[in-house]
Each structure stands twice: as structure tokens, then as C-alpha cells.
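Below is the file final_19.pdb, which contains PDB, C-alpha atoms, pLDDT in the B column.
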```pdb
ATOM      1  CA  MET K1004       0.000   0.000   0.000  1.00 57.00           C
ATOM      2  CA  HIS K1005       1.324   3.405  -0.953  1.00 64.00           C
ATOM      3  CA  ALA K1006       1.113   6.388   1.325  1.00 66.00           C
ATOM      4  CA  PRO K1007      -0.891   9.280  -0.138  1.00 67.00           C
ATOM      5  CA  THR K1008       1.166  11.972  -1.787  1.00 64.00           C
ATOM      6  CA  PRO K1009       1.114  15.093   0.361  1.00 66.00           C
ATOM      7  CA  GLN K1010      -0.524  18.009  -1.391  1.00 62.00           C
ATOM      8  CA  GLN K1011       0.702  21.548  -1.186  1.00 61.00           C
ATOM      9  CA  PRO K1012      -1.731  23.824   0.625  1.00 62.00           C
ATOM     10  CA  LEU K1013      -3.599  26.073  -1.790  1.00 67.00           C
ATOM     11  CA  THR K1014      -3.912  29.654  -0.661  1.00 81.00           C
ATOM     12  CA  VAL K1015      -6.436  31.723  -2.526  1.00 91.00           C
ATOM     13  CA  ARG K1016      -6.814  35.367  -1.649  1.00 96.00           C
ATOM     14  CA  VAL K1017      -9.906  37.349  -2.595  1.00 97.00           C
ATOM     15  CA  PHE K1018     -10.619  41.073  -2.534  1.00 97.00           C
ATOM     16  CA  THR K1019     -14.083  42.378  -3.455  1.00 97.00           C
ATOM     17  CA  GLN K1020     -15.262  45.965  -3.378  1.00 98.00           C
ATOM     18  CA  ARG K1021     -18.097  47.951  -4.917  1.00 97.00           C
ATOM     19  CA  PHE K1022     -17.501  51.369  -6.446  1.00 97.00           C
ATOM     20  CA  SER K1023     -19.711  54.132  -7.752  1.00 95.00           C
ATOM     21  CA  ALA K1024     -20.147  53.836 -11.516  1.00 94.00           C
ATOM     22  CA  THR K1025     -18.248  57.065 -12.154  1.00 94.00           C
ATOM     23  CA  ARG K1026     -14.816  58.061 -13.421  1.00 94.00           C
ATOM     24  CA  ARG K1027     -13.791  58.654  -9.819  1.00 97.00           C
ATOM     25  CA  GLY K1028     -15.000  55.160  -8.850  1.00 96.00           C
ATOM     26  CA  ALA K1029     -13.008  53.622 -11.720  1.00 96.00           C
ATOM     27  CA  ARG K1030      -9.873  55.504 -10.668  1.00 97.00           C
ATOM     28  CA  LEU K1031     -10.336  54.421  -7.034  1.00 98.00           C
ATOM     29  CA  ALA K1032     -10.784  50.794  -8.137  1.00 98.00           C
ATOM     30  CA  ARG K1033      -7.392  50.877  -9.887  1.00 97.00           C
ATOM     31  CA  HIS K1034      -5.656  52.463  -6.883  1.00 98.00           C
ATOM     32  CA  LEU K1035      -7.137  50.026  -4.371  1.00 98.00           C
ATOM     33  CA  ALA K1036      -6.387  47.045  -6.633  1.00 98.00           C
ATOM     34  CA  LEU K1037      -2.708  48.005  -6.832  1.00 98.00           C
ATOM     35  CA  HIS K1038      -2.573  48.552  -3.078  1.00 98.00           C
ATOM     36  CA  GLN K1039      -4.142  45.128  -2.462  1.00 98.00           C
ATOM     37  CA  LEU K1040      -1.782  43.392  -4.903  1.00 97.00           C
ATOM     38  CA  HIS K1041       1.190  45.029  -3.179  1.00 97.00           C
ATOM     39  CA  ALA K1042      -0.101  43.788   0.192  1.00 97.00           C
ATOM     40  CA  TRP K1043      -0.334  40.290  -1.312  1.00 96.00           C
ATOM     41  CA  GLY K1044       3.301  40.406  -2.466  1.00 95.00           C
ATOM     42  CA  ILE K1045       2.948  41.677  -6.037  1.00 96.00           C
ATOM     43  CA  PRO K1046       5.031  44.845  -5.774  1.00 96.00           C
ATOM     44  CA  TYR K1047       4.189  48.171  -7.356  1.00 95.00           C
ATOM     45  CA  ASP K1048       5.874  48.704 -10.743  1.00 95.00           C
ATOM     46  CA  SER K1049       6.371  44.966 -11.325  1.00 95.00           C
ATOM     47  CA  GLU K1050       5.231  43.513 -14.653  1.00 96.00           C
ATOM     48  CA  PRO K1051       2.157  41.770 -13.152  1.00 96.00           C
ATOM     49  CA  SER K1052       1.229  44.899 -11.177  1.00 97.00           C
ATOM     50  CA  ASP K1053       1.520  47.119 -14.247  1.00 97.00           C
ATOM     51  CA  ALA K1054      -0.556  44.723 -16.380  1.00 97.00           C
ATOM     52  CA  ALA K1055      -3.184  44.440 -13.631  1.00 98.00           C
ATOM     53  CA  ALA K1056      -3.327  48.246 -13.335  1.00 97.00           C
ATOM     54  CA  VAL K1057      -4.185  48.589 -17.017  1.00 97.00           C
ATOM     55  CA  LEU K1058      -6.723  45.743 -16.915  1.00 98.00           C
ATOM     56  CA  VAL K1059      -8.507  47.097 -13.839  1.00 98.00           C
ATOM     57  CA  ALA K1060      -8.450  50.653 -15.209  1.00 97.00           C
ATOM     58  CA  GLU K1061      -9.924  49.641 -18.566  1.00 95.00           C
ATOM     59  CA  LEU K1062     -12.545  47.244 -17.206  1.00 96.00           C
ATOM     60  CA  ALA K1063     -13.605  49.683 -14.485  1.00 96.00           C
ATOM     61  CA  ALA K1064     -13.796  52.560 -16.983  1.00 94.00           C
ATOM     62  CA  ASN K1065     -15.949  50.393 -19.263  1.00 92.00           C
ATOM     63  CA  ALA K1066     -18.239  49.484 -16.350  1.00 93.00           C
ATOM     64  CA  ALA K1067     -18.564  53.143 -15.359  1.00 93.00           C
ATOM     65  CA  THR K1068     -19.126  54.292 -18.947  1.00 90.00           C
ATOM     66  CA  HIS K1069     -20.898  51.543 -20.888  1.00 85.00           C
ATOM     67  CA  GLY K1070     -22.267  49.418 -18.034  1.00 84.00           C
ATOM     68  CA  ARG K1071     -23.552  52.265 -15.923  1.00 84.00           C
ATOM     69  CA  VAL K1072     -27.085  52.125 -14.588  1.00 84.00           C
ATOM     70  CA  PRO K1073     -27.945  55.263 -12.565  1.00 84.00           C
ATOM     71  CA  GLY K1074     -27.906  54.526  -8.850  1.00 84.00           C
ATOM     72  CA  ARG K1075     -26.084  51.198  -9.233  1.00 89.00           C
ATOM     73  CA  ASP K1076     -22.442  50.438  -8.471  1.00 94.00           C
ATOM     74  CA  PHE K1077     -19.959  48.213 -10.250  1.00 95.00           C
ATOM     75  CA  GLU K1078     -17.984  45.544  -8.433  1.00 96.00           C
ATOM     76  CA  LEU K1079     -14.302  44.626  -8.623  1.00 98.00           C
ATOM     77  CA  THR K1080     -13.090  41.203  -7.480  1.00 98.00           C
ATOM     78  CA  LEU K1081      -9.431  40.183  -7.420  1.00 98.00           C
ATOM     79  CA  THR K1082      -8.615  36.527  -6.854  1.00 98.00           C
ATOM     80  CA  LEU K1083      -4.996  35.510  -6.363  1.00 97.00           C
ATOM     81  CA  SER K1084      -3.950  31.866  -6.415  1.00 95.00           C
ATOM     82  CA  ALA K1085      -0.440  30.476  -6.578  1.00 89.00           C
ATOM     83  CA  ASP K1086      -0.090  31.031 -10.311  1.00 93.00           C
ATOM     84  CA  THR K1087      -2.993  33.193 -11.501  1.00 96.00           C
ATOM     85  CA  LEU K1088      -4.433  36.615 -10.853  1.00 98.00           C
ATOM     86  CA  ARG K1089      -8.091  36.857 -11.825  1.00 98.00           C
ATOM     87  CA  ILE K1090      -9.660  40.282 -12.259  1.00 98.00           C
ATOM     88  CA  GLU K1091     -13.444  40.499 -12.492  1.00 98.00           C
ATOM     89  CA  VAL K1092     -15.455  43.649 -13.017  1.00 96.00           C
ATOM     90  CA  SER K1093     -19.233  43.326 -12.835  1.00 95.00           C
ATOM     91  CA  ASP K1094     -21.867  45.877 -13.767  1.00 93.00           C
ATOM     92  CA  THR K1095     -25.665  45.814 -13.771  1.00 89.00           C
ATOM     93  CA  ARG K1096     -26.383  46.660 -17.404  1.00 87.00           C
ATOM     94  CA  SER K1097     -27.730  43.525 -19.074  1.00 79.00           C
ATOM     95  CA  GLU K1098     -28.651  44.748 -22.540  1.00 78.00           C
ATOM     96  CA  GLN K1099     -25.227  46.034 -23.599  1.00 74.00           C
ATOM     97  CA  ARG K1100     -22.569  43.354 -24.195  1.00 77.00           C
ATOM     98  CA  PRO K1101     -18.947  43.878 -25.209  1.00 78.00           C
ATOM     99  CA  PRO K1102     -17.495  41.814 -28.041  1.00 73.00           C
ATOM    100  CA  ARG K1103     -16.131  38.402 -27.114  1.00 78.00           C
ATOM    101  CA  PRO K1104     -12.433  37.505 -27.048  1.00 79.00           C
ATOM    102  CA  GLY K1105     -11.077  37.365 -30.581  1.00 79.00           C
ATOM    103  CA  GLU K1106     -13.923  39.571 -31.860  1.00 78.00           C
ATOM    104  CA  VAL K1107     -12.628  42.964 -30.694  1.00 77.00           C
ATOM    105  CA  PRO K1108     -12.517  45.122 -33.824  1.00 74.00           C
ATOM    106  CA  PRO K1109      -9.295  46.943 -34.694  1.00 79.00           C
ATOM    107  CA  LEU K1110      -9.399  50.701 -34.201  1.00 77.00           C
ATOM    108  CA  PRO K1111      -8.393  53.423 -36.614  1.00 74.00           C
ATOM    109  CA  PRO K1112      -4.952  54.806 -35.648  1.00 79.00           C
ATOM    110  CA  LEU K1113      -6.314  58.223 -34.629  1.00 75.00           C
ATOM    111  CA  ALA K1114      -9.358  56.997 -32.689  1.00 70.00           C
ATOM    112  CA  GLU K1115      -9.818  58.959 -29.472  1.00 69.00           C
ATOM    113  CA  SER K1116     -11.609  56.189 -27.590  1.00 67.00           C
ATOM    114  CA  GLY K1117     -12.423  52.501 -27.769  1.00 68.00           C
ATOM    115  CA  ARG K1118      -9.034  51.096 -26.831  1.00 78.00           C
ATOM    116  CA  GLY K1119     -10.136  49.409 -23.583  1.00 82.00           C
ATOM    117  CA  LEU K1120     -10.882  45.912 -24.842  1.00 87.00           C
ATOM    118  CA  VAL K1121      -8.005  46.105 -27.327  1.00 88.00           C
ATOM    119  CA  LEU K1122      -5.722  46.521 -24.306  1.00 91.00           C
ATOM    120  CA  VAL K1123      -7.515  43.766 -22.386  1.00 93.00           C
ATOM    121  CA  GLU K1124      -7.087  41.413 -25.333  1.00 92.00           C
ATOM    122  CA  ALA K1125      -3.382  42.306 -25.587  1.00 92.00           C
ATOM    123  CA  LEU K1126      -2.534  42.026 -21.866  1.00 95.00           C
ATOM    124  CA  ALA K1127      -4.740  39.258 -20.474  1.00 95.00           C
ATOM    125  CA  CYS K1128      -3.688  35.652 -20.872  1.00 96.00           C
ATOM    126  CA  ARG K1129      -7.394  34.791 -20.976  1.00 96.00           C
ATOM    127  CA  TRP K1130     -10.572  36.837 -20.761  1.00 94.00           C
ATOM    128  CA  GLU K1131     -14.301  36.307 -21.163  1.00 94.00           C
ATOM    129  CA  VAL K1132     -17.694  37.904 -20.658  1.00 92.00           C
ATOM    130  CA  LEU K1133     -20.015  36.090 -18.235  1.00 92.00           C
ATOM    131  CA  GLU K1134     -23.691  36.401 -17.337  1.00 88.00           C
ATOM    132  CA  ARG K1135     -24.246  37.791 -13.871  1.00 82.00           C
ATOM    133  CA  GLY K1136     -27.275  35.952 -12.537  1.00 77.00           C
ATOM    134  CA  GLY K1137     -29.802  37.790 -14.689  1.00 73.00           C
ATOM    135  CA  LEU K1138     -28.624  41.241 -13.671  1.00 84.00           C
ATOM    136  CA  GLY K1139     -25.727  42.516 -15.709  1.00 90.00           C
ATOM    137  CA  LYS K1140     -22.457  40.955 -16.764  1.00 93.00           C
ATOM    138  CA  THR K1141     -18.967  40.242 -15.542  1.00 94.00           C
ATOM    139  CA  VAL K1142     -15.817  40.678 -17.580  1.00 95.00           C
ATOM    140  CA  ARG K1143     -13.120  38.329 -16.296  1.00 97.00           C
ATOM    141  CA  ALA K1144      -9.450  38.674 -17.224  1.00 97.00           C
ATOM    142  CA  GLU K1145      -6.630  36.448 -16.020  1.00 97.00           C
ATOM    143  CA  LEU K1146      -2.884  36.907 -15.785  1.00 97.00           C
ATOM    144  CA  ASP K1147      -0.534  33.946 -15.428  1.00 97.00           C
ATOM    145  CA  LEU K1148       2.010  34.722 -12.717  1.00 92.00           C
ATOM    146  CA  ARG K1149       4.352  31.763 -13.171  1.00 80.00           C
ATOM    147  CA  PRO K1150       6.942  31.878 -15.945  1.00 65.00           C
ATOM    148  CA  THR K1151       5.683  29.929 -18.952  1.00 54.00           C
ATOM    149  CA  GLY K1152       8.097  31.167 -21.578  1.00 47.00           C
ATOM    150  CA  LYS K1153       5.540  33.843 -22.428  1.00 44.00           C
ATOM    151  CA  THR K1154       5.541  37.277 -20.865  1.00 43.00           C
ATOM    152  CA  VAL K1155       2.469  38.542 -19.043  1.00 44.00           C
ATOM    153  CA  ALA K1156       1.984  41.230 -21.681  1.00 43.00           C
ATOM    154  CA  SER K1157       2.023  38.933 -24.716  1.00 37.00           C
TER     155      SER K1157
END
```

Rewrite the structure from the file as C-alpha cells, please.
Amino acid sequence: MHAPTPQQPLTVRVFTQRFSATRRGARLARHLALHQLHAWGIPYDSEPSDAAAVLVAELAANAATHGRVPGRDFELTLTLSADTLRIEVSDTRSEQRPPRPGEVPPLPPLAESGRGLVLVEALACRWEVLERGGLGKTVRAELDLRPTGKTVAS
């Protein structure tokens, strides 16, 4: 009889906060996300921190701009496991859906807006749009934190 192989303990950290669906709320979401990541051991100005800052900023700005329902907040959830950082931004607007991964249209070079999901597609290792229990949607983006031969930003 073989002894069971000991498993490494899995530590998952979660941070969830609601923010007003405004530009100020989006900016605060980015600042608090970076502070939380730093507290979890992902230092400011590191590659994962910088990528997460852009992802949170763009997803929060989209929630505050395109997913805004007056009087309703958006929600940011960060989930950190041993090798993945998951960023989820949820809003309460059900009828307006962003394009899916791989379907984000290219922008004209001089476009003044519309770069948010282009940046998400470029920085996230994986991303998707999920239903949110009948009320709104969640955009989930993930960053791989362990070296895989591919940089976080590719």
C-alpha cells in the first residue's frame, strides 16, 4: 500500500469591493487594486502589477461608462492563487454586451476612444464575458504569474 502523496496547501486570496459607476469610482478601483496586490506580495511597478493596473483601469472605466445604470455600483473582485491573478469587473447593465475575445474590432490609428478591450485582449492571458445571474455581466481577465516562456503582456 502506498502512502498518499502530500498536497501543497492552496492559498487563494480574494478582494471584493463595490464602487460608484463614475470616473472617480473607476480611478479608485485601480488604486485600491494596486494597493491590495502590493499587500499580497505583487510589488508596485512589477510587470504583473503594471498589467493588472491597465486591466482594472480599462474594465472599471468600461463598467462606469458603458455598463452604468444610474444609482447602481460596479464591483471589482481580485482573486490571487499560486499562479494566476483573476480580475473580475461586474456591472448591472444587461442589454449592452462587449465583443467576445477574438472579436474585438481593430481601431483606426487616430481613434480617441475605444481602446479598452483592445488593451484587455493584448494584456490578459485569458478573458471572457459572463452572465451575472440575470442582472448585468462580468468581464473576467486572467494573468498567469508563473513563468511559462511567455511574458504577461504577450

Legend entry - atom CA of K:Gly1137 to atom CA of K:Arg1071, distance in Å rounded to a single decimal: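 Straight-line distance from atom CA of K:Gly1137 to atom CA of K:Arg1071 works out to 15.8 Å.
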
Inset, instruction - Counting only C-alpha atoms, figure out which residue out of K:Gly1136, K:Pro1112, K:Gly1070, K:Gly1044 gets nearest to K:Ala1029. - result: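 Once distances to K:Ala1029 are computed over only C-alpha atoms, the minimum belongs to K:Gly1070.
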
Inset, instruction - Pick out the closest residue to K:Arg1016 from this set: K:Ala1114, K:Ile1045, K:Leu1083, K:Cys1128. Count all atoms listed in the file. - result: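 The answer is K:Leu1083, which sits nearest to K:Arg1016.
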
Inset, instruction - Tell me which residues the PyMOL selection byres ((chain K and resi 1050-1055) around 12) grabs here, as a VMD selection string. - result: chain K and resid 1032 to 1049 1056 to 1063 1081 to 1083 1086 to 1091 1122 to 1128 1143 to 1150 1154 to 1157

Legend entry - atom CA of K:Ser1084 to atom CA of K:Val1121, straight-line distance in Å: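 Spanning atom CA of K:Val1121 to atom CA of K:Ser1084 is a straight-line distance of 25.6 Å.
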
Legend entry - Pairwise distance for atom CA of K:Ala1066 and atom CA of K:Arg1030, rounded to one decimal in Å: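 Between atom CA of K:Ala1066 and atom CA of K:Arg1030 the gap works out to 11.8 Å.
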
Legend entry - Residues within 12 Å of K:Glu1106, only C-alpha atoms, excluding chain neighbours under 5 positions, as number ranges by chain: K: 1101, 1120-1121, 1124, 1130-1132

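Residue nearest K:Gly1028, chosen from K:Thr1141, K:Ser1097, K:Thr1080, K:Thr1068 and counting only C-alpha atoms: K:Thr1068.
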
Legend entry - For K:Thr1095: contacts at 12 Å, only C-alpha atoms, fewer than 5 positions along chain excluded, given as an NGL selection string: :K and (1021 or 1023-1024 or 1066-1078 or 1100 or 1134-1142)
